[in-house]
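Colleague: This one is structure-v7.csv, CSV, N, CA and C atoms.
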chain,number,residue,atom,x,y,z
A,222,MET,N,-9.6,3.2,-8.6
A,222,MET,CA,-8.5,2.4,-7.9
A,222,MET,C,-7.2,2.8,-8.6
A,223,LYS,N,-6.2,3.2,-7.8
A,223,LYS,CA,-4.9,3.5,-8.2
A,223,LYS,C,-4.1,2.2,-8.3
A,224,GLU,N,-3.5,1.9,-9.5
A,224,GLU,CA,-2.6,0.7,-9.6
A,224,GLU,C,-1.2,1.2,-9.8
A,225,ILE,N,-0.3,0.5,-9.0
A,225,ILE,CA,1.1,0.7,-9.0
A,225,ILE,C,1.8,-0.5,-9.4
A,226,ASP,N,2.6,-0.5,-10.5
A,226,ASP,CA,3.4,-1.7,-10.9
A,226,ASP,C,4.8,-1.4,-10.4
A,227,ALA,N,5.2,-2.1,-9.3
A,227,ALA,CA,6.5,-1.9,-8.7
A,227,ALA,C,7.4,-3.1,-8.9
A,228,ARG,N,7.1,-4.0,-9.9
A,228,ARG,CA,7.9,-5.1,-10.2
A,228,ARG,C,9.3,-4.7,-10.6
A,229,GLY,N,10.3,-5.4,-10.1
A,229,GLY,CA,11.6,-5.2,-10.5
A,229,GLY,C,12.3,-4.0,-9.7
A,230,LEU,N,11.5,-3.4,-8.8
A,230,LEU,CA,12.1,-2.3,-8.1
A,230,LEU,C,12.5,-2.8,-6.7
A,231,ALA,N,13.7,-2.3,-6.2
A,231,ALA,CA,14.2,-2.7,-4.9
A,231,ALA,C,13.6,-1.8,-3.8
A,232,CYS,N,13.6,-2.3,-2.6
A,232,CYS,CA,13.1,-1.6,-1.5
A,232,CYS,C,14.0,-0.4,-1.3
A,233,PRO,N,13.5,0.8,-1.0
A,233,PRO,CA,12.2,1.1,-0.5
A,233,PRO,C,11.3,1.7,-1.6
A,234,ALA,N,11.6,1.5,-2.9
A,234,ALA,CA,10.9,2.2,-3.9
A,234,ALA,C,9.4,1.8,-3.9
A,235,PRO,N,9.0,0.5,-3.8
A,235,PRO,CA,7.6,0.2,-3.8
A,235,PRO,C,6.8,0.9,-2.7
A,236,VAL,N,7.4,1.0,-1.5
A,236,VAL,CA,6.8,1.7,-0.3
A,236,VAL,C,6.7,3.2,-0.6
A,237,LEU,N,7.7,3.8,-1.2
A,237,LEU,CA,7.7,5.2,-1.5
A,237,LEU,C,6.7,5.5,-2.5
A,238,MET,N,6.5,4.7,-3.5
A,238,MET,CA,5.5,4.9,-4.6
A,238,MET,C,4.1,4.8,-3.9
A,239,THR,N,3.9,3.8,-3.0
A,239,THR,CA,2.6,3.7,-2.4
A,239,THR,C,2.3,4.9,-1.5
A,240,LYS,N,3.3,5.4,-0.8
A,240,LYS,CA,3.2,6.5,0.1
A,240,LYS,C,2.8,7.8,-0.7
A,241,ALA,N,3.5,7.9,-1.9
A,241,ALA,CA,3.2,9.1,-2.8
A,241,ALA,C,1.7,9.0,-3.3
A,242,ALA,N,1.2,7.8,-3.6
A,242,ALA,CA,-0.1,7.7,-4.1
A,242,ALA,C,-1.1,8.1,-3.0
A,243,ILE,N,-0.8,7.7,-1.8
A,243,ILE,CA,-1.7,8.0,-0.7
A,243,ILE,C,-1.7,9.5,-0.4
A,244,GLU,N,-0.5,10.1,-0.2
A,244,GLU,CA,-0.3,11.5,0.2
A,244,GLU,C,-0.6,12.5,-0.9
A,245,ASN,N,-0.1,12.2,-2.1
A,245,ASN,CA,-0.2,13.2,-3.2
A,245,ASN,C,-1.4,13.1,-4.0
A,246,GLU,N,-1.9,11.9,-4.2
A,246,GLU,CA,-3.1,11.6,-5.0
A,246,GLU,C,-4.3,11.3,-4.2
A,247,LYS,N,-4.2,11.3,-2.9
A,247,LYS,CA,-5.3,11.0,-2.0
A,247,LYS,C,-6.0,9.7,-2.3
A,248,ALA,N,-5.2,8.7,-2.8
A,248,ALA,CA,-5.8,7.4,-3.2
A,248,ALA,C,-6.3,6.7,-2.0
A,249,ASP,N,-7.5,6.2,-2.0
A,249,ASP,CA,-8.1,5.4,-0.9
A,249,ASP,C,-8.2,3.9,-1.2
A,250,VAL,N,-8.1,3.6,-2.5
A,250,VAL,CA,-8.0,2.2,-2.9
A,250,VAL,C,-6.9,2.0,-3.8
A,251,LEU,N,-6.0,1.1,-3.5
A,251,LEU,CA,-4.8,0.9,-4.3
A,251,LEU,C,-4.5,-0.6,-4.6
A,252,LYS,N,-3.9,-0.8,-5.7
A,252,LYS,CA,-3.4,-2.2,-6.0
A,252,LYS,C,-2.0,-2.0,-6.4
A,253,ILE,N,-1.1,-2.7,-5.6
A,253,ILE,CA,0.3,-2.6,-5.8
A,253,ILE,C,0.8,-4.0,-6.2
A,254,ILE,N,1.6,-4.1,-7.3
A,254,ILE,CA,2.1,-5.3,-7.8
A,254,ILE,C,3.6,-5.3,-7.6
A,255,VAL,N,4.1,-6.3,-6.8
A,255,VAL,CA,5.5,-6.4,-6.5
A,255,VAL,C,6.0,-7.9,-6.9
A,256,ASP,N,7.3,-8.1,-7.0
A,256,ASP,CA,7.7,-9.4,-7.3
A,256,ASP,C,8.7,-10.0,-6.3
A,257,SER,N,8.7,-9.4,-5.1
A,257,SER,CA,9.6,-10.0,-4.1
A,257,SER,C,8.8,-10.1,-2.7
A,258,LYS,N,9.1,-11.1,-1.9
A,258,LYS,CA,8.5,-11.2,-0.6
A,258,LYS,C,8.8,-10.1,0.3
A,259,ALA,N,10.0,-9.6,0.2
A,259,ALA,CA,10.4,-8.4,1.1
A,259,ALA,C,9.5,-7.2,0.7
A,260,SER,N,9.3,-6.9,-0.6
A,260,SER,CA,8.5,-5.8,-1.0
A,260,SER,C,7.1,-6.0,-0.6
A,261,LYS,N,6.6,-7.2,-0.7
A,261,LYS,CA,5.2,-7.6,-0.3
A,261,LYS,C,5.0,-7.3,1.2
A,262,GLU,N,6.0,-7.7,2.0
A,262,GLU,CA,5.9,-7.5,3.4
A,262,GLU,C,5.9,-6.0,3.8
A,263,ASN,N,6.9,-5.3,3.2
A,263,ASN,CA,7.1,-3.9,3.5
A,263,ASN,C,5.9,-3.0,3.1
A,264,VAL,N,5.4,-3.3,1.9
A,264,VAL,CA,4.2,-2.5,1.4
A,264,VAL,C,3.0,-2.8,2.3
A,265,SER,N,2.8,-4.1,2.6
A,265,SER,CA,1.7,-4.5,3.5
A,265,SER,C,1.7,-3.8,4.8
A,266,LEU,N,2.9,-3.9,5.4
A,266,LEU,CA,3.1,-3.2,6.7
A,266,LEU,C,2.9,-1.7,6.7
A,267,PHE,N,3.3,-1.1,5.6
A,267,PHE,CA,3.1,0.3,5.4
A,267,PHE,C,1.6,0.7,5.3
A,268,LEU,N,0.9,-0.1,4.5
A,268,LEU,CA,-0.5,0.2,4.3
A,268,LEU,C,-1.3,0.0,5.6
A,269,GLU,N,-0.9,-1.1,6.4
A,269,GLU,CA,-1.5,-1.3,7.7
A,269,GLU,C,-1.3,-0.1,8.6
A,270,SER,N,0.0,0.4,8.6
A,270,SER,CA,0.3,1.6,9.4
A,270,SER,C,-0.5,2.8,9.1
A,271,ARG,N,-1.0,2.9,7.9
A,271,ARG,CA,-1.8,4.0,7.4
A,271,ARG,C,-3.3,3.7,7.4
A,272,GLN,N,-3.7,2.6,8.2
A,272,GLN,CA,-5.0,2.3,8.5
A,272,GLN,C,-5.8,1.8,7.2
A,273,PHE,N,-5.1,1.0,6.4
A,273,PHE,CA,-5.7,0.4,5.2
A,273,PHE,C,-5.9,-1.1,5.5
A,274,ASP,N,-7.0,-1.6,5.0
A,274,ASP,CA,-7.3,-3.0,5.1
A,274,ASP,C,-6.6,-3.6,3.8
A,275,ILE,N,-5.9,-4.7,4.0
A,275,ILE,CA,-5.2,-5.2,2.8
A,275,ILE,C,-5.5,-6.7,2.6
A,276,SER,N,-5.3,-7.1,1.3
A,276,SER,CA,-5.4,-8.5,0.9
A,276,SER,C,-4.3,-8.7,-0.1
A,277,VAL,N,-3.7,-9.9,-0.1
A,277,VAL,CA,-2.6,-10.2,-1.0
A,277,VAL,C,-3.0,-11.5,-1.7
A,278,GLU,N,-2.7,-11.4,-3.0
A,278,GLU,CA,-2.9,-12.6,-3.9
A,278,GLU,C,-1.6,-12.8,-4.7
A,279,GLU,N,-1.2,-14.1,-4.7
A,279,GLU,CA,0.0,-14.4,-5.5
A,279,GLU,C,-0.4,-14.9,-6.9
A,280,LYS,N,0.1,-14.3,-8.0
A,280,LYS,CA,-0.2,-14.7,-9.3
A,280,LYS,C,1.0,-14.7,-10.1
A,281,GLU,N,1.3,-15.9,-10.7
A,281,GLU,CA,2.5,-16.1,-11.6
A,281,GLU,C,3.8,-15.5,-11.0
A,282,GLY,N,4.0,-15.7,-9.7
A,282,GLY,CA,5.3,-15.2,-9.1
A,282,GLY,C,5.3,-13.8,-8.7
A,283,ASN,N,4.1,-13.1,-8.9
A,283,ASN,CA,4.0,-11.7,-8.4
A,283,ASN,C,3.0,-11.6,-7.3
A,284,PHE,N,3.1,-10.6,-6.5
A,284,PHE,CA,2.2,-10.4,-5.4
A,284,PHE,C,1.3,-9.2,-5.7
A,285,HIS,N,0.0,-9.4,-5.7
A,285,HIS,CA,-0.9,-8.3,-5.9
A,285,HIS,C,-1.5,-7.9,-4.6
A,286,ILE,N,-1.1,-6.7,-4.1
A,286,ILE,CA,-1.6,-6.2,-2.8
A,286,ILE,C,-2.7,-5.2,-3.1
A,287,THR,N,-3.8,-5.4,-2.5
A,287,THR,CA,-4.9,-4.5,-2.6
A,287,THR,C,-5.1,-3.8,-1.2
A,288,GLY,N,-5.1,-2.5,-1.2
A,288,GLY,CA,-5.3,-1.8,0.0
A,288,GLY,C,-6.5,-0.9,-0.1
A,289,LYS,N,-7.3,-1.0,0.9
A,289,LYS,CA,-8.6,-0.2,0.9
A,289,LYS,C,-8.6,0.6,2.2
A,290,GLY,N,-8.7,1.9,2.1
A,290,GLY,CA,-8.7,2.8,3.3
A,290,GLY,C,-10.0,2.5,4.1
A,291,ARG,N,-9.8,2.4,5.4
A,291,ARG,CA,-10.9,2.1,6.3
A,291,ARG,C,-11.8,3.3,6.3
A,292,GLY,N,-13.1,3.0,6.2
A,292,GLY,CA,-14.1,4.0,6.2
A,292,GLY,C,-14.6,4.4,4.7
A,293,ILE,N,-14.2,3.5,3.8
A,293,ILE,CA,-14.6,3.7,2.4
A,293,ILE,C,-16.0,3.2,2.3
A,294,SER,N,-16.9,4.0,1.8
A,294,SER,CA,-18.3,3.5,1.6
A,294,SER,C,-18.4,2.7,0.3
A,295,PRO,N,-19.4,1.9,0.1
A,295,PRO,CA,-19.6,1.1,-1.1
A,295,PRO,C,-19.5,2.0,-2.4
A,296,ALA,N,-19.9,3.2,-2.3
A,296,ALA,CA,-19.9,4.1,-3.5
A,296,ALA,C,-18.5,4.6,-3.7
A,297,GLY,N,-17.5,4.3,-2.8
A,297,GLY,CA,-16.2,4.7,-3.0
A,297,GLY,C,-15.8,6.1,-2.4
A,298,ASN,N,-16.8,6.7,-1.7
A,298,ASN,CA,-16.5,8.0,-1.1
A,298,ASN,C,-15.8,7.8,0.2
A,299,SER,N,-14.8,8.6,0.5
A,299,SER,CA,-14.0,8.4,1.7
A,299,SER,C,-14.8,9.1,2.9
A,300,LYS,N,-14.8,8.3,4.0
A,300,LYS,CA,-15.4,8.9,5.2
A,300,LYS,C,-14.3,8.9,6.3
A,301,LYS,N,-13.0,8.7,5.8
A,301,LYS,CA,-11.9,8.5,6.7
A,301,LYS,C,-11.4,9.9,7.2
A,302,LYS,N,-11.1,9.9,8.5
A,302,LYS,CA,-10.5,11.2,9.0
A,302,LYS,C,-9.0,11.2,8.7
A,303,PRO,N,-8.4,12.4,8.5
A,303,PRO,CA,-7.0,12.4,8.2
A,303,PRO,C,-6.2,11.9,9.3
A,304,GLU,N,-5.2,11.1,9.0
A,304,GLU,CA,-4.3,10.5,10.0
A,304,GLU,C,-3.2,11.5,10.3
A,305,PRO,N,-2.8,11.5,11.6
A,305,PRO,CA,-1.6,12.4,11.9
A,305,PRO,C,-0.4,11.8,11.2
A,306,GLU,N,0.6,12.7,11.0
A,306,GLU,CA,1.9,12.4,10.4
A,306,GLU,C,2.6,11.4,11.3
A,307,ARG,N,3.1,10.4,10.8
A,307,ARG,CA,3.9,9.4,11.6
A,307,ARG,C,5.3,9.2,11.0
A,308,LYS,N,6.2,8.9,11.8
A,308,LYS,CA,7.5,8.6,11.3
A,308,LYS,C,7.7,7.1,11.3
A,309,ASP,N,7.3,6.5,10.2
A,309,ASP,CA,7.4,5.0,10.0
A,309,ASP,C,8.7,4.7,9.3
A,310,SER,N,9.3,3.6,9.6
A,310,SER,CA,10.4,3.1,8.8
A,310,SER,C,9.9,2.6,7.5
A,311,ASP,N,10.3,3.1,6.4
A,311,ASP,CA,9.8,2.7,5.1
A,311,ASP,C,10.2,1.3,4.7
A,312,CYS,N,11.4,0.9,5.2
A,312,CYS,CA,11.9,-0.4,4.8
A,312,CYS,C,12.6,-1.0,5.9
A,313,ASP,N,12.1,-2.1,6.5
A,313,ASP,CA,12.7,-2.8,7.5
A,313,ASP,C,13.4,-4.0,6.9
A,314,SER,N,14.5,-4.4,7.4
A,314,SER,CA,15.2,-5.6,6.9
A,314,SER,C,14.6,-6.8,7.5
A,315,HIS,N,14.3,-7.8,6.7
A,315,HIS,CA,13.7,-9.1,7.2
A,315,HIS,C,14.7,-10.2,7.0
Could you quickly redo this structure as structure tokens?
Modeller:
Amino acid sequence: MKEIDARGLACPAPVLMTKAAIENEKADVLKIIVDSKASKENVSLFLESRQFDISVEEKEGNFHITGKGRGISPAGNSKKKPEPERKDSDCDSH
């Protein structure tokens, strides 16, 4: 599991860090920690746009977002087909 601590970072940095982990490191399971609702929403929407199942847990004022690529087997091996490139807005204002 790739863990990203994006606390204290303004949008779009948490989304860009998440995107880099998926594209450059081929991470299929990620945990992203953010400290603002806007970052939580934007990272969650980004992960969903990349076909990840997400769960969010709030702990001590921080949001712990877990994203799991669809098609991950219990052993952690990816069965996911590559997604076509999309032009997503990395940071929508809410």
Colleague: Hey, what's within 8 Å of A:Ser260 if we count all atoms listed in the file and toss same-chain stuff fewer than 4 positions away? As number ranges by chain, please?
Modeller: A: 230-233, 235-236, 254-256, 264-266
Colleague: Grab the atom CA of A:Phe273 to atom CA of A:Ile243 distance for me, in Å with one decimal place.
Modeller: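 Here the two named atoms are 10.4 Å from each other.
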Colleague: Just the number, please: distance in Å from atom C of A:Gly282 to atom CA of A:Arg228, one decimal.
Modeller: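 One can read the atom C of A:Gly282 to atom CA of A:Arg228 distance as 9.2 Å.
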Colleague: Give me, as a PDB file with N, CA and C atoms, keeping the file's coordinate frame, all polymer residues having an atom no more than 9 Å from A:Gln272, counting only C-alpha atoms and skipping those fewer than 3 positions away in the same chain.
Modeller:
ATOM      1  N   PHE A 267       3.300  -1.100   5.600  1.00  0.00           N
ATOM      2  CA  PHE A 267       3.100   0.300   5.400  1.00  0.00           C
ATOM      3  C   PHE A 267       1.600   0.700   5.300  1.00  0.00           C
ATOM      4  N   LEU A 268       0.900  -0.100   4.500  1.00  0.00           N
ATOM      5  CA  LEU A 268      -0.500   0.200   4.300  1.00  0.00           C
ATOM      6  C   LEU A 268      -1.300   0.000   5.600  1.00  0.00           C
ATOM      7  N   GLU A 269      -0.900  -1.100   6.400  1.00  0.00           N
ATOM      8  CA  GLU A 269      -1.500  -1.300   7.700  1.00  0.00           C
ATOM      9  C   GLU A 269      -1.300  -0.100   8.600  1.00  0.00           C
ATOM     10  N   LYS A 289      -7.300  -1.000   0.900  1.00  0.00           N
ATOM     11  CA  LYS A 289      -8.600  -0.200   0.900  1.00  0.00           C
ATOM     12  C   LYS A 289      -8.600   0.600   2.200  1.00  0.00           C
ATOM     13  N   GLY A 290      -8.700   1.900   2.100  1.00  0.00           N
ATOM     14  CA  GLY A 290      -8.700   2.800   3.300  1.00  0.00           C
ATOM     15  C   GLY A 290     -10.000   2.500   4.100  1.00  0.00           C
ATOM     16  N   ARG A 291      -9.800   2.400   5.400  1.00  0.00           N
ATOM     17  CA  ARG A 291     -10.900   2.100   6.300  1.00  0.00           C
ATOM     18  C   ARG A 291     -11.800   3.300   6.300  1.00  0.00           C
ATOM     19  N   GLU A 304      -5.200  11.100   9.000  1.00  0.00           N
ATOM     20  CA  GLU A 304      -4.300  10.500  10.000  1.00  0.00           C
ATOM     21  C   GLU A 304      -3.200  11.500  10.300  1.00  0.00           C
TER      22      GLU A 304
END
Colleague: One decimal, Å: what's the distance from atom CA of A:Ala242 over to atom CA of A:Glu224, could you say?
Modeller: 9.2 Å
Colleague: Could you tell me which of A:His285, A:Lys280, A:Lys223, A:Lys240 comes closest to A:Glu262 if we count only C-alpha atoms?
Modeller: A:His285
Colleague: From a DSSP calculation on the backbone, collect every residue of stretch 256-293 of chain A in helix (DSSP H, G or I) and output the set as a VMD selection string.
Modeller: chain A and resid 258 to 270
